[in-house]
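> Input model.tsv, format and content: TSV, C-alpha atoms and all ligand atoms.
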chain	number	residue	atom	x	y	z
A	1	MET	CA	-28.30	-5.43	36.82
A	2	ILE	CA	-24.80	-5.19	35.43
A	3	THR	CA	-23.47	-1.72	35.94
A	4	GLY	CA	-20.14	0.04	35.65
A	5	PRO	CA	-17.70	0.11	32.77
A	6	GLY	CA	-17.99	-2.16	29.75
A	7	LEU	CA	-15.99	-5.34	29.31
A	8	LEU	CA	-12.84	-5.38	27.25
A	9	PHE	CA	-12.41	-8.49	25.05
A	10	VAL	CA	-9.09	-9.10	23.38
A	11	VAL	CA	-9.12	-11.62	20.54
A	12	SER	CA	-5.57	-12.47	19.58
A	13	GLY	CA	-3.60	-15.30	18.00
A	14	PRO	CA	-1.44	-15.71	14.92
A	15	SER	CA	-2.06	-14.06	11.56
A	16	GLY	CA	-4.24	-16.40	9.48
A	17	ALA	CA	-6.13	-17.83	12.47
A	18	GLY	CA	-9.29	-16.07	11.30
A	19	LYS	CA	-9.56	-13.21	13.82
A	20	ASP	CA	-10.91	-10.68	11.31
A	21	THR	CA	-13.58	-12.94	9.83
A	22	LEU	CA	-14.74	-14.22	13.18
A	23	VAL	CA	-14.90	-10.84	14.89
A	24	GLU	CA	-16.74	-9.37	11.92
A	25	ALA	CA	-19.31	-12.17	12.02
A	26	LEU	CA	-19.72	-11.77	15.76
A	27	ARG	CA	-20.31	-8.03	15.48
A	28	ALA	CA	-23.12	-8.67	13.03
A	29	HIS	CA	-24.83	-10.74	15.74
A	30	LEU	CA	-24.08	-8.42	18.66
A	31	PRO	CA	-24.84	-4.88	17.54
A	32	ARG	CA	-24.17	-3.41	21.00
A	33	LEU	CA	-20.62	-4.72	20.98
A	34	ARG	CA	-18.21	-1.95	20.04
A	35	TYR	CA	-15.08	-2.54	18.02
A	36	SER	CA	-11.86	-0.57	18.21
A	37	VAL	CA	-10.27	0.25	14.86
A	38	SER	CA	-6.47	0.15	15.11
A	39	ALA	CA	-3.96	2.42	13.44
A	40	THR	CA	-1.25	1.01	11.19
A	41	THR	CA	1.54	2.12	8.91
A	42	ARG	CA	1.07	-0.80	6.55
A	43	ALA	CA	-0.53	-0.12	3.15
A	44	PRO	CA	-4.23	-0.91	2.70
A	45	ARG	CA	-5.01	-4.22	1.04
A	46	PRO	CA	-7.51	-4.22	-1.83
A	47	GLY	CA	-10.95	-3.67	-0.33
A	48	GLU	CA	-9.72	-2.22	2.96
A	49	CYS	CA	-11.23	1.13	3.93
A	50	GLU	CA	-9.85	3.97	6.01
A	51	GLY	CA	-11.51	4.10	9.43
A	52	GLU	CA	-13.22	0.77	8.98
A	53	HIS	CA	-10.44	-1.80	8.76
A	54	TYR	CA	-7.67	0.48	10.03
A	55	PHE	CA	-6.66	4.09	10.30
A	56	PHE	CA	-3.84	4.08	7.75
A	57	LEU	CA	-1.11	6.45	8.94
A	58	THR	CA	2.30	7.42	7.70
A	59	ARG	CA	5.13	6.40	10.01
A	60	GLU	CA	5.57	10.07	10.98
A	61	ALA	CA	1.91	10.47	11.89
A	62	PHE	CA	1.95	7.22	13.86
A	63	GLU	CA	5.08	8.24	15.75
A	64	ALA	CA	3.65	11.69	16.53
A	65	ARG	CA	0.53	10.10	17.96
A	66	ARG	CA	2.60	7.62	19.93
A	67	ALA	CA	4.69	10.47	21.35
A	68	HIS	CA	1.48	12.02	22.71
A	69	ASP	CA	0.55	8.80	24.47
A	70	GLY	CA	-2.21	8.27	21.92
A	71	PHE	CA	-1.97	4.48	21.97
A	72	LEU	CA	-3.04	2.10	24.68
A	73	GLU	CA	-0.47	-0.27	23.24
A	74	TRP	CA	1.52	-0.39	20.03
A	75	ARG	CA	3.79	-2.89	18.38
A	76	GLU	CA	6.07	-3.30	15.40
A	77	TYR	CA	4.88	-6.34	13.48
A	78	ASN	CA	6.65	-7.52	10.34
A	79	GLY	CA	8.29	-4.10	9.88
A	80	GLN	CA	5.05	-2.09	10.28
A	81	LEU	CA	3.60	-0.27	13.28
A	82	TYR	CA	0.20	-1.18	14.71
A	83	GLY	CA	-1.52	0.47	17.67
A	84	THR	CA	-4.77	0.59	19.62
A	85	PRO	CA	-6.05	4.18	19.93
A	86	ARG	CA	-6.29	5.01	23.63
A	87	ASP	CA	-9.15	7.58	23.53
A	88	TYR	CA	-11.71	5.36	21.89
A	89	VAL	CA	-11.09	2.44	24.24
A	90	GLU	CA	-11.24	4.57	27.40
A	91	ARG	CA	-14.35	6.46	26.28
A	92	THR	CA	-16.26	3.39	25.09
A	93	LEU	CA	-15.62	1.40	28.27
A	94	ALA	CA	-16.48	4.40	30.46
A	95	GLU	CA	-19.79	4.73	28.59
A	96	GLY	CA	-20.54	1.12	29.62
A	97	TYR	CA	-20.18	-0.54	26.22
A	98	ASP	CA	-18.41	-3.85	25.78
A	99	LEU	CA	-15.51	-3.55	23.40
A	100	ILE	CA	-13.52	-5.96	21.26
A	101	VAL	CA	-9.96	-5.46	20.01
A	102	LYS	CA	-7.81	-7.86	18.01
A	103	PRO	CA	-4.10	-7.13	18.34
A	104	GLU	CA	-1.23	-9.58	17.90
A	105	VAL	CA	-0.12	-11.49	20.98
A	106	HIS	CA	2.28	-8.98	22.57
A	107	GLY	CA	-0.29	-6.22	22.18
A	108	ALA	CA	-2.84	-8.45	23.89
A	109	LEU	CA	-0.51	-8.98	26.84
A	110	ALA	CA	0.19	-5.25	27.07
A	111	ILE	CA	-3.56	-4.59	27.23
A	112	LYS	CA	-3.87	-7.11	30.05
A	113	SER	CA	-1.22	-5.18	32.02
A	114	ALA	CA	-3.13	-1.92	31.54
A	115	TYR	CA	-6.56	-3.53	32.09
A	116	PRO	CA	-6.17	-6.60	34.34
A	117	ASP	CA	-9.91	-7.21	33.95
A	118	ALA	CA	-9.62	-7.60	30.17
A	119	VAL	CA	-10.64	-11.01	28.85
A	120	LEU	CA	-7.89	-12.51	26.69
A	121	ILE	CA	-8.96	-15.00	24.04
A	122	PHE	CA	-6.45	-16.88	21.91
A	123	LEU	CA	-7.69	-17.99	18.53
A	124	VAL	CA	-5.87	-20.85	16.76
A	125	PRO	CA	-6.52	-23.08	13.76
A	126	ASP	CA	-6.87	-26.80	14.53
A	127	ARG	CA	-3.49	-27.38	12.88
A	128	PHE	CA	-0.56	-25.00	12.60
A	129	SER	CA	-0.16	-25.94	8.92
A	130	HIS	CA	-3.60	-24.45	8.19
A	131	LEU	CA	-2.18	-20.99	8.88
A	132	ARG	CA	-0.01	-21.23	5.80
A	133	GLU	CA	-2.91	-22.49	3.70
A	134	ARG	CA	-5.12	-19.60	4.82
A	135	LEU	CA	-2.46	-16.99	4.26
A	136	LEU	CA	-1.80	-18.40	0.77
A	137	ALA	CA	-5.52	-18.55	-0.02
A	138	ARG	CA	-6.18	-14.89	0.78
A	139	ARG	CA	-3.49	-13.81	-1.73
A	140	THR	CA	-2.67	-10.57	0.02
A	141	GLU	CA	0.96	-11.26	0.98
A	142	THR	CA	4.06	-12.25	-0.95
A	143	ASN	CA	5.68	-15.63	-0.21
A	144	GLU	CA	8.38	-13.88	1.83
A	145	GLU	CA	5.76	-12.08	3.90
A	146	ILE	CA	3.89	-15.31	4.49
A	147	ALA	CA	7.10	-17.01	5.62
A	148	ARG	CA	7.76	-14.13	8.01
A	149	ARG	CA	4.19	-14.22	9.39
A	150	LEU	CA	4.54	-17.96	10.02
A	151	GLU	CA	7.82	-17.37	11.84
A	152	ILE	CA	6.09	-14.78	14.04
A	153	ALA	CA	3.15	-17.18	14.52
A	154	ARG	CA	5.48	-19.89	15.88
A	155	GLU	CA	6.79	-17.41	18.40
A	156	GLU	CA	3.27	-16.23	19.30
A	157	MET	CA	2.10	-19.79	20.03
A	158	ARG	CA	4.46	-19.84	23.00
A	159	PHE	CA	2.19	-17.41	24.83
A	160	ILE	CA	-1.03	-19.46	24.74
A	161	ARG	CA	-0.95	-20.07	28.48
A	162	ASN	CA	-0.94	-16.35	29.24
A	163	PHE	CA	-4.49	-16.14	27.88
A	164	ASP	CA	-7.81	-16.76	29.62
A	165	TYR	CA	-9.53	-18.73	26.86
A	166	LEU	CA	-8.59	-20.80	23.82
A	167	VAL	CA	-10.89	-20.95	20.79
A	168	ILE	CA	-10.08	-23.45	18.04
A	169	ASN	CA	-11.11	-22.30	14.59
A	170	GLU	CA	-11.47	-25.66	12.91
A	171	GLN	CA	-11.02	-25.73	9.15
A	172	GLY	CA	-14.42	-25.59	7.45
A	173	ASN	CA	-16.28	-25.17	10.73
A	174	SER	CA	-15.98	-21.53	11.68
A	175	GLU	CA	-19.61	-21.54	12.97
A	176	THR	CA	-18.44	-23.56	15.96
A	177	ALA	CA	-15.62	-21.11	16.68
A	178	MET	CA	-18.07	-18.27	16.43
A	179	ARG	CA	-20.48	-19.96	18.80
A	180	ASP	CA	-17.65	-20.64	21.25
A	181	LEU	CA	-16.48	-17.05	21.09
A	182	GLY	CA	-20.04	-15.82	21.57
A	183	ALA	CA	-20.45	-18.12	24.59
A	184	ILE	CA	-17.33	-16.66	26.21
A	185	LEU	CA	-18.56	-13.12	25.69
A	186	HIS	CA	-21.94	-14.05	27.09
A	187	ALA	CA	-20.66	-15.92	30.15
A	188	GLU	CA	-18.21	-13.17	31.09
A	189	ARG	CA	-21.09	-10.80	31.78
A	190	PHE	CA	-22.29	-13.05	34.61
A	191	ARG	CA	-19.09	-13.16	36.64
A	192	ILE	CA	-19.99	-12.14	40.15
A	193	HIS	CA	-17.69	-9.15	40.31
A	194	ARG	CA	-19.47	-7.62	37.31
A	195	PHE	CA	-22.57	-7.08	39.46
A	196	GLY	CA	-22.55	-3.84	41.40
A	197	ASP	CA	-23.30	-3.90	45.14
A	198	GLU	CA	-26.50	-1.98	44.50
A	199	SER	CA	-28.01	-4.54	42.15
A	200	LEU	CA	-26.99	-7.45	44.37
A	201	GLY	CA	-28.43	-5.60	47.37
A	202	THR	CA	-31.77	-5.26	45.60
A	203	ILE	CA	-31.88	-9.01	44.94
A	204	VAL	CA	-30.94	-9.94	48.50
A	205	ARG	CA	-33.17	-7.46	50.34
A	206	THR	CA	-36.34	-7.32	48.27
B	301	LIG	P1	-2.56	-7.42	9.40
B	301	LIG	O1	-1.42	-6.77	8.71
B	301	LIG	O2	-2.74	-8.87	8.96
B	301	LIG	O3	-3.84	-6.65	9.31
B	301	LIG	O4	-2.19	-7.48	10.95
B	301	LIG	C1	-0.98	-8.05	11.37
B	301	LIG	C2	-1.04	-8.35	12.84
B	301	LIG	O5	-1.16	-7.13	13.57
B	301	LIG	C3	-2.26	-9.21	13.21
B	301	LIG	O6	-1.84	-10.23	14.10
B	301	LIG	C4	-3.16	-8.23	13.88
B	301	LIG	O7	-3.96	-8.85	14.86
B	301	LIG	C5	-2.17	-7.29	14.53
B	301	LIG	N1	-2.75	-5.98	14.90
B	301	LIG	C6	-3.77	-5.32	14.32
B	301	LIG	N2	-4.04	-4.19	15.00
B	301	LIG	C7	-3.19	-4.15	16.04
B	301	LIG	C8	-2.99	-3.23	17.13
B	301	LIG	O8	-3.66	-2.22	17.29
B	301	LIG	N3	-2.01	-3.54	18.01
B	301	LIG	C9	-1.25	-4.66	17.89
B	301	LIG	N4	-0.33	-4.88	18.84
B	301	LIG	N5	-1.41	-5.54	16.90
B	301	LIG	C10	-2.36	-5.29	15.96
Output the file's structure as structure tokens, nothing else.


Amino acid sequence: MITGPGLLFVVSGPSGAGKDTLVEALRAHLPRLRYSVSATTRAPRPGECEGEHYFFLTREAFEARRAHDGFLEWREYNGQLYGTPRDYVERTLAEGYDLIVKPEVHGALAIKSAYPDAVLIFLVPDRFSHLRERLLARRTETNEEIARRLEIAREEMRFIRNFDYLVINEQGNSETAMRDLGAILHAERFRIHRFGDESLGTIVRT
């Protein structure tokens, strides 16, 4: 019934809100949902794999790719470059697959400009102070980096109203956030403009 290009879901929100964990869990439940791996110049964290968590590029390689219009959007975050590869997004949507990306807030807004149909979801913890706790608990950043990420997070919170949906990732209850996120993805497929004239015609005439 639903034809045409896939849907583009953008899950954004401050660092420490739980984007990675939630999106990973969701993908395990929705195997047809594609996920775009971003490129970054930041160093891999322990356990992160090339091509799975990120494409880890040197700044030169990133800039060369950017110069060739290789990114749908890119952003400098905390002194490092991050970008969404353009090819993969365009190809996946054209093939009719739904796709999820998880950039920081300005990247999300840039994607909305390029794809006005994109669904923008803002993920937040139930309290701002939980961001710090989560960043401390994952032990991947220095105290200075955490302080900087929290500063950026404060700034990012100002853009909540530019998003289509808000999902609250309550401490100790991420199942609810996952269910809410899943419900948004599910409901979006049934918006009337997602149905092609042909399939609606069949329903009406037969
Ligand atoms: P991290 O270093 O924690 O993996 O990511 C830092 C921030 O960069 C997070 O908010 C993450 O969502 C964001 N990010 C990851 N990939 C991209 C991307 O392709 N574009 C943009 N604009 N932000 C990204």

> List the spatial neighbours of Leu8 of chain A as a PyMOL selection string - criterion: any atom at most 6 Å away, only C-alpha atoms, same-chain residues fewer than 5 positions off excluded.

chain A and resi 98-99+118

> Report, as lines of an AutoDock Vina configuration file, the axis-aligned box around all atoms of segment 167-182 of chain A present in the file, extended by 5 Å on each side; give centre and edge lengths in Å to one decimal place.


center_x = -15.3
center_y = -20.8
center_z = 14.5
size_x = 20.4
size_y = 19.9
size_z = 24.1

> Have a look at atom CA of Tyr165 of chain A and atom CA of Leu136 of chain A and let me know their distance in Å, one decimal.

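Atom CA of Leu136 of chain A lies at a distance of 27.2 Å from atom CA of Tyr165 of chain A.
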
> Write as an MDAnalysis selection string the residues around ligand LIG 301 (chain B), taking 10 Å as the cut-off and counting only C-alpha atoms and all ligand atoms.

chainID A and resid 10:20 36:45 48 53:55 71:78 80:86 101:111 135 140:141 149 152:153 156

> I'd like a table as CSV: residues in segment 156-175 of chain A with an atom no more than 12 Å from segment 183-189 of chain A, each row giving the shortest atom pair and its distance in Å to one decimal, all atoms listed in the file counted, sorted by chain and rising residue number.


residue,atom,partner,partner_atom,distance
A:Asp164,CA,A:Ile184,CA,10.1
A:Tyr165,CA,A:Ile184,CA,8.1
A:Leu166,CA,A:Ile184,CA,10.0
A:Val167,CA,A:Ile184,CA,9.4

> Restricting the calculation to all atoms listed in the file: of A:Leu22, A:Gly196, A:Thr58, A:Pro5, which residue gets closest to Arg91 of chain A?

A:Pro5

> What does the distance between atom CA of Arg158 of chain A and atom CA of His130 of chain A come to in Å, to one decimal place?

17.5 Å

> Set the distance at 9 Å and use all atoms listed in the file: which residues neighbour Ile168 of chain A once local chain neighbours fewer than 2 positions away are removed? I'd like the list as JSON, numbers by chain.

{"A": [17, 122, 123, 124, 125, 126, 166, 170, 174, 176, 177, 180]}

> Could you tell me how far atom CA of Phe62 of chain A lies from atom CA of Gly79 of chain A, in Å and to one decimal?

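Computed distance, atom CA of Phe62 of chain A to atom CA of Gly79 of chain A, equals 13.6 Å.
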
> Find the spatial neighbours of Leu150 of chain A, counting all atoms listed in the file, within a cut-off of 8 Å - ignore same-chain residues fewer than 3 positions away - and output them as a list in words.

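After dropping sequence-adjacent residues, the list is Ser15, Leu131, Arg132, Ile146, Ala147, Ala153 and Arg154 of chain A.
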
> Can you tell me, as a list in words, which residues sit within 12 Å of (-19.3, 2.1, 28.2) in the file's frame, using only C-alpha atoms?

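The residues that fall inside the cut-off are Ile2, Thr3, Gly4, Pro5, Gly6, Leu7, Leu8, Arg32, Leu33, Arg34, Tyr35, Tyr88, Val89, Glu90, Arg91, Thr92, Leu93, Ala94, Glu95, Gly96, Tyr97, Asp98 and Leu99 of chain A.
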
> Is there a way to complete segment 12-23 of chain A with all heavy atoms and then write that out as a PDB file, in the frame of the given file?


ATOM      1  N   SER A  12      -6.896 -12.487  20.172  1.00  0.00           N
ATOM      2  CA  SER A  12      -5.570 -12.470  19.580  1.00  0.00           C
ATOM      3  C   SER A  12      -5.250 -13.846  19.011  1.00  0.00           C
ATOM      4  O   SER A  12      -6.112 -14.711  18.932  1.00  0.00           O
ATOM      5  CB  SER A  12      -4.554 -12.035  20.653  1.00  0.00           C
ATOM      6  OG  SER A  12      -3.318 -11.767  20.064  1.00  0.00           O
ATOM      7  N   GLY A  13      -3.990 -14.044  18.640  1.00  0.00           N
ATOM      8  CA  GLY A  13      -3.600 -15.300  18.000  1.00  0.00           C
ATOM      9  C   GLY A  13      -2.908 -14.982  16.693  1.00  0.00           C
ATOM     10  O   GLY A  13      -2.941 -13.841  16.233  1.00  0.00           O
ATOM     11  N   PRO A  14      -2.278 -15.974  16.089  1.00  0.00           N
ATOM     12  CA  PRO A  14      -1.440 -15.710  14.920  1.00  0.00           C
ATOM     13  C   PRO A  14      -2.216 -15.232  13.697  1.00  0.00           C
ATOM     14  O   PRO A  14      -3.409 -15.493  13.566  1.00  0.00           O
ATOM     15  CB  PRO A  14      -0.804 -17.074  14.629  1.00  0.00           C
ATOM     16  CG  PRO A  14      -1.667 -18.067  15.308  1.00  0.00           C
ATOM     17  CD  PRO A  14      -2.267 -17.377  16.488  1.00  0.00           C
ATOM     18  N   SER A  15      -1.500 -14.525  12.832  1.00  0.00           N
ATOM     19  CA  SER A  15      -2.060 -14.060  11.560  1.00  0.00           C
ATOM     20  C   SER A  15      -2.497 -15.291  10.757  1.00  0.00           C
ATOM     21  O   SER A  15      -1.751 -16.257  10.628  1.00  0.00           O
ATOM     22  CB  SER A  15      -0.977 -13.288  10.810  1.00  0.00           C
ATOM     23  OG  SER A  15      -1.398 -12.961   9.519  1.00  0.00           O
ATOM     24  N   GLY A  16      -3.718 -15.258  10.243  1.00  0.00           N
ATOM     25  CA  GLY A  16      -4.240 -16.400   9.480  1.00  0.00           C
ATOM     26  C   GLY A  16      -5.137 -17.294  10.307  1.00  0.00           C
ATOM     27  O   GLY A  16      -5.741 -18.226   9.786  1.00  0.00           O
ATOM     28  N   ALA A  17      -5.275 -16.999  11.606  1.00  0.00           N
ATOM     29  CA  ALA A  17      -6.130 -17.830  12.470  1.00  0.00           C
ATOM     30  C   ALA A  17      -7.607 -17.556  12.202  1.00  0.00           C
ATOM     31  O   ALA A  17      -8.465 -18.363  12.536  1.00  0.00           O
ATOM     32  CB  ALA A  17      -5.804 -17.597  13.940  1.00  0.00           C
ATOM     33  N   GLY A  18      -7.898 -16.390  11.622  1.00  0.00           N
ATOM     34  CA  GLY A  18      -9.290 -16.070  11.300  1.00  0.00           C
ATOM     35  C   GLY A  18      -9.911 -15.021  12.201  1.00  0.00           C
ATOM     36  O   GLY A  18     -11.131 -14.907  12.260  1.00  0.00           O
ATOM     37  N   LYS A  19      -9.066 -14.233  12.881  1.00  0.00           N
ATOM     38  CA  LYS A  19      -9.560 -13.210  13.820  1.00  0.00           C
ATOM     39  C   LYS A  19     -10.528 -12.240  13.127  1.00  0.00           C
ATOM     40  O   LYS A  19     -11.615 -11.987  13.628  1.00  0.00           O
ATOM     41  CB  LYS A  19      -8.404 -12.376  14.395  1.00  0.00           C
ATOM     42  CG  LYS A  19      -7.393 -13.144  15.208  1.00  0.00           C
ATOM     43  CD  LYS A  19      -6.433 -12.192  15.917  1.00  0.00           C
ATOM     44  CE  LYS A  19      -5.471 -11.467  15.005  1.00  0.00           C
ATOM     45  NZ  LYS A  19      -4.222 -12.150  14.699  1.00  0.00           N
ATOM     46  N   ASP A  20     -10.104 -11.718  11.976  1.00  0.00           N
ATOM     47  CA  ASP A  20     -10.910 -10.680  11.310  1.00  0.00           C
ATOM     48  C   ASP A  20     -12.288 -11.208  10.944  1.00  0.00           C
ATOM     49  O   ASP A  20     -13.301 -10.584  11.246  1.00  0.00           O
ATOM     50  CB  ASP A  20     -10.203 -10.185  10.037  1.00  0.00           C
ATOM     51  CG  ASP A  20      -8.895  -9.481  10.350  1.00  0.00           C
ATOM     52  OD1 ASP A  20      -8.619  -9.267  11.539  1.00  0.00           O
ATOM     53  OD2 ASP A  20      -8.149  -9.174   9.413  1.00  0.00           O
ATOM     54  N   THR A  21     -12.307 -12.363  10.298  1.00  0.00           N
ATOM     55  CA  THR A  21     -13.580 -12.940   9.830  1.00  0.00           C
ATOM     56  C   THR A  21     -14.500 -13.226  10.999  1.00  0.00           C
ATOM     57  O   THR A  21     -15.689 -12.921  10.980  1.00  0.00           O
ATOM     58  CB  THR A  21     -13.292 -14.251   9.068  1.00  0.00           C
ATOM     59  OG1 THR A  21     -12.175 -14.042   8.228  1.00  0.00           O
ATOM     60  CG2 THR A  21     -14.474 -14.699   8.274  1.00  0.00           C
ATOM     61  N   LEU A  22     -13.932 -13.811  12.037  1.00  0.00           N
ATOM     62  CA  LEU A  22     -14.740 -14.220  13.180  1.00  0.00           C
ATOM     63  C   LEU A  22     -15.305 -13.010  13.939  1.00  0.00           C
ATOM     64  O   LEU A  22     -16.477 -12.983  14.304  1.00  0.00           O
ATOM     65  CB  LEU A  22     -13.866 -15.049  14.126  1.00  0.00           C
ATOM     66  CG  LEU A  22     -14.495 -16.332  14.621  1.00  0.00           C
ATOM     67  CD1 LEU A  22     -14.881 -17.235  13.486  1.00  0.00           C
ATOM     68  CD2 LEU A  22     -13.535 -17.056  15.555  1.00  0.00           C
ATOM     69  N   VAL A  23     -14.454 -12.024  14.151  1.00  0.00           N
ATOM     70  CA  VAL A  23     -14.900 -10.840  14.890  1.00  0.00           C
ATOM     71  C   VAL A  23     -15.957 -10.090  14.080  1.00  0.00           C
ATOM     72  O   VAL A  23     -16.955  -9.623  14.620  1.00  0.00           O
ATOM     73  CB  VAL A  23     -13.701  -9.928  15.257  1.00  0.00           C
ATOM     74  CG1 VAL A  23     -14.162  -8.563  15.734  1.00  0.00           C
ATOM     75  CG2 VAL A  23     -12.845 -10.604  16.327  1.00  0.00           C
TER      76      VAL A  23
END
